Amino acid sequence: MKLSMTRIGAIARKEFLHLRRDPLTGGMIAGIPVIMTLLFGFAINQDVRHLHAGLADLANTQASRMLAADVVATQVVDIVERRATAAELEELLVRGRISVGLVIPADFERRAARGGRPVAQLMVDGGDPIVLGAARGLAAMPLPGTTTSRAAESFAVRAYFNPERRSAIHIVPGLCGVILTLTMTLFTSIAIVRERERGNLELLITTPIQTVELMIGKIAPYVLIGYIQVTLILSLGALLFQVPLRGTILDLVVGAGVFVGATLTLGLFISTVAITQFQAFQLTFVTFLPQMLLSGFMFPFDGMPRAAQLLAEAFPLTHFVRIVRGIVLRGANLEQLTPELWPLGLFFVVAMNLAMLRFRKRLD
């Protein structure tokens, strides 16, 4: 068979013309490399710095304050909370407000003079092995005014929630959010587009159904699917990897329900923007990628630049990763996780209203 370069060139030219007429696909040709480069080069940082820490300085002497200052000077932690007791620091760990608690006992100077034993304690959220590894690096730092060899036991590290440092304990709960984000957004992003492509949207418009009824009807079945997925993931995690459930099932059901609602409305909004199902898939992927990388699922949230953290706070996945890890690993309740719950509710309301406004506009 003889190949014709003329015919091949004509087909190639036709494909280029299609790409030029599809601004979304054309934008993704340059957009995805730019987004990936910026995320991995700027936002993703394997060198963990500026972990949120709490301090309970029971000695409150010049030496203890110097020790705390030396810990902060490493830039591994930032002291954002000060409490009077170690129990209060534990409460902050459960709430997820801090990743590291620094406890300096009242007899700190006597312990330092005696030597040979740790003089203070680091309480670490061991749910994230990367955070635990970074905090362990602080244990051997020298005490102010002592030699390095003497300071080898400056801090005793106590790992909470995952002392065995098993990766599955950290990954499986967050995986619930990642899978739900991808599937729920994708399912609903093609919902309206599919009706339009099949010509069913015109039939729906002629019925008495209201926009809000159509939207709620579209997402309702997927709420049940979301719960089925959460149950499957956590059941497999418990059976195969011994992932515990330290919180209550009711808290998990409520938290997952709010998150599923938020991701479904994001998909609905995408479905009002996309023209074809392929475009809906592309937009879903574009919104999913930064959520997965910046949510704290793969990399410690505290180690990211401030600008990336502010962007990540707008993503539903960021808050759900904190919620599900808080309930499953730390035994936190919804009252303690309220700072993560209300942003999901706000996202649901805003995204639903935007979807309805855009849907009406397209009908006009």
# chains A, B, ... in the order shown; residues from 1 in each chain; ligands from 1
>>> closest_atom_pairs(of="region 55-169 of chain A", to="region 322-332 of chain A", cutoff="8 Å", atoms="only C-alpha atoms", output="tab-separated table")
residue	atom	partner	partner_atom	distance
A:Val94	CA	A:Arg330	CA	5.5
A:Arg95	CA	A:Ala332	CA	6.3
A:Gly96	CA	A:Gly326	CA	6.9
A:Gly127	CA	A:Leu329	CA	7.0
A:Phe161	CA	A:Leu329	CA	5.9
A:Asn162	CA	A:Leu329	CA	7.9
A:Ile169	CA	A:Leu329	CA	7.7
>>> write_last_selection(atoms="C-alpha atoms", output="JSON list (two decimals), in the first residue's frame")
[["chain", "number", "residue", "atom", "x", "y", "z"],
["A", 94, "VAL", "CA", -6.67, 15.69, 68.23],
["A", 95, "ARG", "CA", -8.31, 18.78, 66.76],
["A", 96, "GLY", "CA", -5.60, 18.94, 64.09],
["A", 127, "GLY", "CA", -0.48, 9.98, 61.34],
["A", 161, "PHE", "CA", -2.11, 7.96, 66.29],
["A", 162, "ASN", "CA", 0.36, 5.92, 64.18],
["A", 169, "ILE", "CA", -2.76, 4.28, 58.16]]
>>> residues_around(residues="region 174-177 of chain A", least_positions_apart="5", cutoff="10 Å", atoms="only C-alpha atoms", output="number ranges by chain")
A: 168-169, 182, 226, 229-234, 256, 259-260, 263, 292, 295-298, 316-325, 328
>>> atom_distance(atom1="CA of His52 (chain A)", atom2="CA of Phe155 (chain A)")
17.9 Å
>>> select_by_dssp(residues="region 203-319 of chain A", states="helix (DSSP H, G or I)", output="NGL selection string")
:A and (203-205 or 211-241 or 249-273 or 277-294 or 301-303 or 306-312 or 316-319)
>>> write_last_selection(atoms="C-alpha atoms", output="tab-separated table (two decimals), in the first residue's frame")
chain	number	residue	atom	x	y	z
A	203	LEU	CA	-37.77	17.64	26.75
A	204	LEU	CA	-36.93	18.44	30.38
A	205	ILE	CA	-37.40	22.16	29.74
A	211	THR	CA	-33.97	24.28	37.95
A	212	VAL	CA	-33.27	23.51	41.59
A	213	GLU	CA	-35.37	20.34	41.37
A	214	LEU	CA	-33.44	19.23	38.31
A	215	MET	CA	-30.11	19.90	40.03
A	216	ILE	CA	-31.03	18.11	43.25
A	217	GLY	CA	-32.50	15.20	41.28
A	218	LYS	CA	-29.27	14.90	39.31
A	219	ILE	CA	-27.01	14.66	42.35
A	220	ALA	CA	-29.26	12.67	44.73
A	221	PRO	CA	-28.39	9.16	43.42
A	222	TYR	CA	-24.68	9.88	43.63
A	223	VAL	CA	-24.86	10.65	47.34
A	224	LEU	CA	-25.73	6.99	47.92
A	225	ILE	CA	-22.91	5.94	45.57
A	226	GLY	CA	-20.52	8.13	47.54
A	227	TYR	CA	-21.45	6.40	50.79
A	228	ILE	CA	-20.98	3.00	49.14
A	229	GLN	CA	-17.48	4.03	48.03
A	230	VAL	CA	-16.53	5.31	51.49
A	231	THR	CA	-17.76	2.06	53.05
A	232	LEU	CA	-15.79	-0.05	50.56
A	233	ILE	CA	-12.55	1.90	51.01
A	234	LEU	CA	-12.61	1.96	54.80
A	235	SER	CA	-13.74	-1.66	55.02
A	236	LEU	CA	-10.85	-2.78	52.80
A	237	GLY	CA	-8.51	-0.57	54.80
A	238	ALA	CA	-9.62	-2.17	58.05
A	239	LEU	CA	-9.54	-5.74	56.72
A	240	LEU	CA	-6.32	-5.59	54.72
A	241	PHE	CA	-4.26	-2.86	56.40
A	249	ILE	CA	-19.58	6.27	62.39
A	250	LEU	CA	-22.22	9.00	62.74
A	251	ASP	CA	-19.57	11.74	62.56
A	252	LEU	CA	-18.06	10.06	59.53
A	253	VAL	CA	-21.45	9.78	57.81
A	254	VAL	CA	-22.20	13.48	58.37
A	255	GLY	CA	-18.74	14.62	57.31
A	256	ALA	CA	-18.72	12.45	54.19
A	257	GLY	CA	-22.25	13.58	53.27
A	258	VAL	CA	-21.33	17.26	53.32
A	259	PHE	CA	-18.18	16.59	51.30
A	260	VAL	CA	-20.02	14.49	48.71
A	261	GLY	CA	-22.56	17.31	48.33
A	262	ALA	CA	-19.76	19.83	47.74
A	263	THR	CA	-18.01	17.72	45.10
A	264	LEU	CA	-21.29	16.94	43.33
A	265	THR	CA	-22.13	20.63	43.00
A	266	LEU	CA	-18.65	21.26	41.60
A	267	GLY	CA	-19.43	18.67	38.94
A	268	LEU	CA	-22.78	20.33	38.22
A	269	PHE	CA	-21.06	23.67	37.74
A	270	ILE	CA	-18.60	22.08	35.31
A	271	SER	CA	-21.51	20.54	33.39
A	272	THR	CA	-22.95	24.02	32.82
A	273	VAL	CA	-19.60	25.23	31.42
A	277	GLN	CA	-18.73	15.18	27.55
A	278	PHE	CA	-15.07	15.23	26.53
A	279	GLN	CA	-14.77	18.84	27.67
A	280	ALA	CA	-16.48	17.93	30.94
A	281	PHE	CA	-13.89	15.20	31.47
A	282	GLN	CA	-11.06	17.62	30.70
A	283	LEU	CA	-12.35	20.23	33.16
A	284	THR	CA	-12.83	17.57	35.83
A	285	PHE	CA	-9.21	16.51	35.44
A	286	VAL	CA	-8.00	20.13	35.59
A	287	THR	CA	-9.85	20.75	38.86
A	288	PHE	CA	-8.86	17.37	40.32
A	289	LEU	CA	-5.11	17.65	39.80
A	290	PRO	CA	-4.39	20.69	42.03
A	291	GLN	CA	-6.79	19.36	44.67
A	292	MET	CA	-4.91	16.08	44.94
A	293	LEU	CA	-1.47	17.72	45.08
A	294	LEU	CA	-2.27	20.61	47.43
A	301	PHE	CA	0.21	20.88	54.05
A	302	ASP	CA	2.36	22.92	56.45
A	303	GLY	CA	5.39	22.54	54.21
A	306	ARG	CA	1.57	30.39	52.04
A	307	ALA	CA	0.11	31.23	48.61
A	308	ALA	CA	-0.38	27.53	47.84
A	309	GLN	CA	-2.01	27.01	51.25
A	310	LEU	CA	-4.50	29.83	50.63
A	311	LEU	CA	-5.39	28.32	47.25
A	312	ALA	CA	-5.77	24.87	48.79
A	316	PRO	CA	-13.23	20.73	49.26
A	317	LEU	CA	-10.70	17.90	49.30
A	318	THR	CA	-8.35	19.84	51.59
A	319	HIS	CA	-10.99	20.06	54.31
>>> select_by_dssp(residues="region 82-190 of chain A", states="strand (DSSP E)", output="mmCIF file with C-alpha atoms, in the first residue's frame")
data_model
loop_
_atom_site.group_PDB
_atom_site.id
_atom_site.type_symbol
_atom_site.label_atom_id
_atom_site.label_comp_id
_atom_site.auth_asym_id
_atom_site.auth_seq_id
_atom_site.Cartn_x
_atom_site.Cartn_y
_atom_site.Cartn_z
ATOM 1 C CA ARG A 82 0.957 28.250 73.823
ATOM 2 C CA VAL A 100 3.929 18.967 67.031
ATOM 3 C CA GLY A 101 3.670 19.688 70.758
ATOM 4 C CA LEU A 102 6.777 20.805 72.670
ATOM 5 C CA VAL A 103 6.577 20.135 76.421
ATOM 6 C CA ILE A 104 9.311 21.575 78.654
ATOM 7 C CA ALA A 120 11.838 17.690 77.216
ATOM 8 C CA GLN A 121 9.189 15.939 75.150
ATOM 9 C CA LEU A 122 8.033 16.240 71.573
ATOM 10 C CA MET A 123 4.434 15.152 71.015
ATOM 11 C CA VAL A 124 4.040 14.425 67.305
ATOM 12 C CA ASP A 125 1.049 13.630 65.119
ATOM 13 C CA PHE A 155 14.024 15.364 73.502
ATOM 14 C CA ALA A 156 11.926 12.266 73.899
ATOM 15 C CA VAL A 157 9.604 11.812 70.924
ATOM 16 C CA ARG A 158 6.106 10.479 71.531
ATOM 17 C CA ALA A 159 4.276 9.594 68.324
ATOM 18 C CA TYR A 160 0.491 9.748 68.451
#
>>> atom_distance(atom1="CA of Ala56 (chain A)", atom2="CA of Gly115 (chain A)")
21.2 Å
>>> residues_around(residues="Asp128 (chain A)", least_positions_apart="3", cutoff="8 Å", atoms="only C-alpha atoms", output="PyMOL selection string")
chain A and resi 125+131-132+162+165+167+170+300
>>> decode(residues="region 223-234 of chain A", atoms="all heavy atoms", output="PDB file, in the first residue's frame")
ATOM      1  N   VAL A 223     -25.147  10.598  45.908  1.00  0.00           N
ATOM      2  CA  VAL A 223     -24.862  10.648  47.343  1.00  0.00           C
ATOM      3  C   VAL A 223     -24.783   9.226  47.893  1.00  0.00           C
ATOM      4  O   VAL A 223     -23.864   8.876  48.652  1.00  0.00           O
ATOM      5  CB  VAL A 223     -25.942  11.462  48.087  1.00  0.00           C
ATOM      6  CG1 VAL A 223     -25.705  11.402  49.597  1.00  0.00           C
ATOM      7  CG2 VAL A 223     -25.951  12.906  47.609  1.00  0.00           C
ATOM      8  N   LEU A 224     -25.741   8.392  47.490  1.00  0.00           N
ATOM      9  CA  LEU A 224     -25.726   6.990  47.921  1.00  0.00           C
ATOM     10  C   LEU A 224     -24.478   6.279  47.397  1.00  0.00           C
ATOM     11  O   LEU A 224     -23.833   5.508  48.124  1.00  0.00           O
ATOM     12  CB  LEU A 224     -26.994   6.279  47.419  1.00  0.00           C
ATOM     13  CG  LEU A 224     -27.080   4.777  47.724  1.00  0.00           C
ATOM     14  CD1 LEU A 224     -27.081   4.526  49.226  1.00  0.00           C
ATOM     15  CD2 LEU A 224     -28.333   4.181  47.073  1.00  0.00           C
ATOM     16  N   ILE A 225     -24.117   6.560  46.143  1.00  0.00           N
ATOM     17  CA  ILE A 225     -22.910   5.939  45.573  1.00  0.00           C
ATOM     18  C   ILE A 225     -21.671   6.373  46.350  1.00  0.00           C
ATOM     19  O   ILE A 225     -20.756   5.576  46.593  1.00  0.00           O
ATOM     20  CB  ILE A 225     -22.790   6.309  44.077  1.00  0.00           C
ATOM     21  CG1 ILE A 225     -23.943   5.676  43.293  1.00  0.00           C
ATOM     22  CG2 ILE A 225     -21.450   5.865  43.508  1.00  0.00           C
ATOM     23  CD1 ILE A 225     -24.005   6.096  41.844  1.00  0.00           C
ATOM     24  N   GLY A 226     -21.646   7.640  46.752  1.00  0.00           N
ATOM     25  CA  GLY A 226     -20.517   8.127  47.539  1.00  0.00           C
ATOM     26  C   GLY A 226     -20.376   7.380  48.858  1.00  0.00           C
ATOM     27  O   GLY A 226     -19.269   6.996  49.257  1.00  0.00           O
ATOM     28  N   TYR A 227     -21.496   7.143  49.527  1.00  0.00           N
ATOM     29  CA  TYR A 227     -21.447   6.401  50.795  1.00  0.00           C
ATOM     30  C   TYR A 227     -20.979   4.960  50.562  1.00  0.00           C
ATOM     31  O   TYR A 227     -20.238   4.388  51.372  1.00  0.00           O
ATOM     32  CB  TYR A 227     -22.817   6.411  51.462  1.00  0.00           C
ATOM     33  CG  TYR A 227     -23.110   7.679  52.220  1.00  0.00           C
ATOM     34  CD1 TYR A 227     -24.254   8.416  51.979  1.00  0.00           C
ATOM     35  CD2 TYR A 227     -22.229   8.136  53.205  1.00  0.00           C
ATOM     36  CE1 TYR A 227     -24.527   9.582  52.670  1.00  0.00           C
ATOM     37  CE2 TYR A 227     -22.493   9.298  53.893  1.00  0.00           C
ATOM     38  CZ  TYR A 227     -23.644  10.016  53.626  1.00  0.00           C
ATOM     39  OH  TYR A 227     -23.894  11.175  54.326  1.00  0.00           O
ATOM     40  N   ILE A 228     -21.421   4.368  49.448  1.00  0.00           N
ATOM     41  CA  ILE A 228     -20.977   2.999  49.138  1.00  0.00           C
ATOM     42  C   ILE A 228     -19.460   2.978  48.944  1.00  0.00           C
ATOM     43  O   ILE A 228     -18.758   2.076  49.436  1.00  0.00           O
ATOM     44  CB  ILE A 228     -21.695   2.478  47.878  1.00  0.00           C
ATOM     45  CG1 ILE A 228     -23.187   2.291  48.173  1.00  0.00           C
ATOM     46  CG2 ILE A 228     -21.072   1.170  47.392  1.00  0.00           C
ATOM     47  CD1 ILE A 228     -24.010   1.907  46.956  1.00  0.00           C
ATOM     48  N   GLN A 229     -18.923   3.990  48.259  1.00  0.00           N
ATOM     49  CA  GLN A 229     -17.480   4.029  48.026  1.00  0.00           C
ATOM     50  C   GLN A 229     -16.708   4.207  49.333  1.00  0.00           C
ATOM     51  O   GLN A 229     -15.677   3.556  49.552  1.00  0.00           O
ATOM     52  CB  GLN A 229     -17.144   5.166  47.056  1.00  0.00           C
ATOM     53  CG  GLN A 229     -17.588   4.874  45.618  1.00  0.00           C
ATOM     54  CD  GLN A 229     -17.141   5.946  44.651  1.00  0.00           C
ATOM     55  OE1 GLN A 229     -17.001   7.112  45.007  1.00  0.00           O
ATOM     56  NE2 GLN A 229     -16.917   5.565  43.409  1.00  0.00           N
ATOM     57  N   VAL A 230     -17.200   5.108  50.201  1.00  0.00           N
ATOM     58  CA  VAL A 230     -16.534   5.309  51.495  1.00  0.00           C
ATOM     59  C   VAL A 230     -16.523   4.007  52.293  1.00  0.00           C
ATOM     60  O   VAL A 230     -15.504   3.618  52.883  1.00  0.00           O
ATOM     61  CB  VAL A 230     -17.224   6.427  52.289  1.00  0.00           C
ATOM     62  CG1 VAL A 230     -16.688   6.485  53.718  1.00  0.00           C
ATOM     63  CG2 VAL A 230     -17.014   7.768  51.610  1.00  0.00           C
ATOM     64  N   THR A 231     -17.662   3.318  52.304  1.00  0.00           N
ATOM     65  CA  THR A 231     -17.758   2.056  53.047  1.00  0.00           C
ATOM     66  C   THR A 231     -16.783   1.019  52.504  1.00  0.00           C
ATOM     67  O   THR A 231     -16.094   0.322  53.270  1.00  0.00           O
ATOM     68  CB  THR A 231     -19.197   1.510  52.971  1.00  0.00           C
ATOM     69  OG1 THR A 231     -20.107   2.505  53.458  1.00  0.00           O
ATOM     70  CG2 THR A 231     -19.339   0.250  53.800  1.00  0.00           C
ATOM     71  N   LEU A 232     -16.698   0.920  51.175  1.00  0.00           N
ATOM     72  CA  LEU A 232     -15.786  -0.047  50.561  1.00  0.00           C
ATOM     73  C   LEU A 232     -14.333   0.260  50.912  1.00  0.00           C
ATOM     74  O   LEU A 232     -13.566  -0.631  51.299  1.00  0.00           O
ATOM     75  CB  LEU A 232     -15.970  -0.030  49.040  1.00  0.00           C
ATOM     76  CG  LEU A 232     -17.188  -0.772  48.483  1.00  0.00           C
ATOM     77  CD1 LEU A 232     -17.297  -0.565  46.975  1.00  0.00           C
ATOM     78  CD2 LEU A 232     -17.066  -2.262  48.785  1.00  0.00           C
ATOM     79  N   ILE A 233     -13.955   1.532  50.793  1.00  0.00           N
ATOM     80  CA  ILE A 233     -12.547   1.898  51.007  1.00  0.00           C
ATOM     81  C   ILE A 233     -12.138   1.655  52.459  1.00  0.00           C
ATOM     82  O   ILE A 233     -11.099   1.054  52.741  1.00  0.00           O
ATOM     83  CB  ILE A 233     -12.319   3.373  50.621  1.00  0.00           C
ATOM     84  CG1 ILE A 233     -12.559   3.563  49.125  1.00  0.00           C
ATOM     85  CG2 ILE A 233     -10.896   3.808  50.980  1.00  0.00           C
ATOM     86  CD1 ILE A 233     -12.664   5.018  48.714  1.00  0.00           C
ATOM     87  N   LEU A 234     -12.968   2.116  53.390  1.00  0.00           N
ATOM     88  CA  LEU A 234     -12.607   1.963  54.797  1.00  0.00           C
ATOM     89  C   LEU A 234     -12.708   0.504  55.245  1.00  0.00           C
ATOM     90  O   LEU A 234     -11.927   0.063  56.109  1.00  0.00           O
ATOM     91  CB  LEU A 234     -13.488   2.860  55.663  1.00  0.00           C
ATOM     92  CG  LEU A 234     -13.259   4.365  55.493  1.00  0.00           C
ATOM     93  CD1 LEU A 234     -14.140   5.161  56.443  1.00  0.00           C
ATOM     94  CD2 LEU A 234     -11.791   4.722  55.723  1.00  0.00           C
TER      95      LEU A 234
END
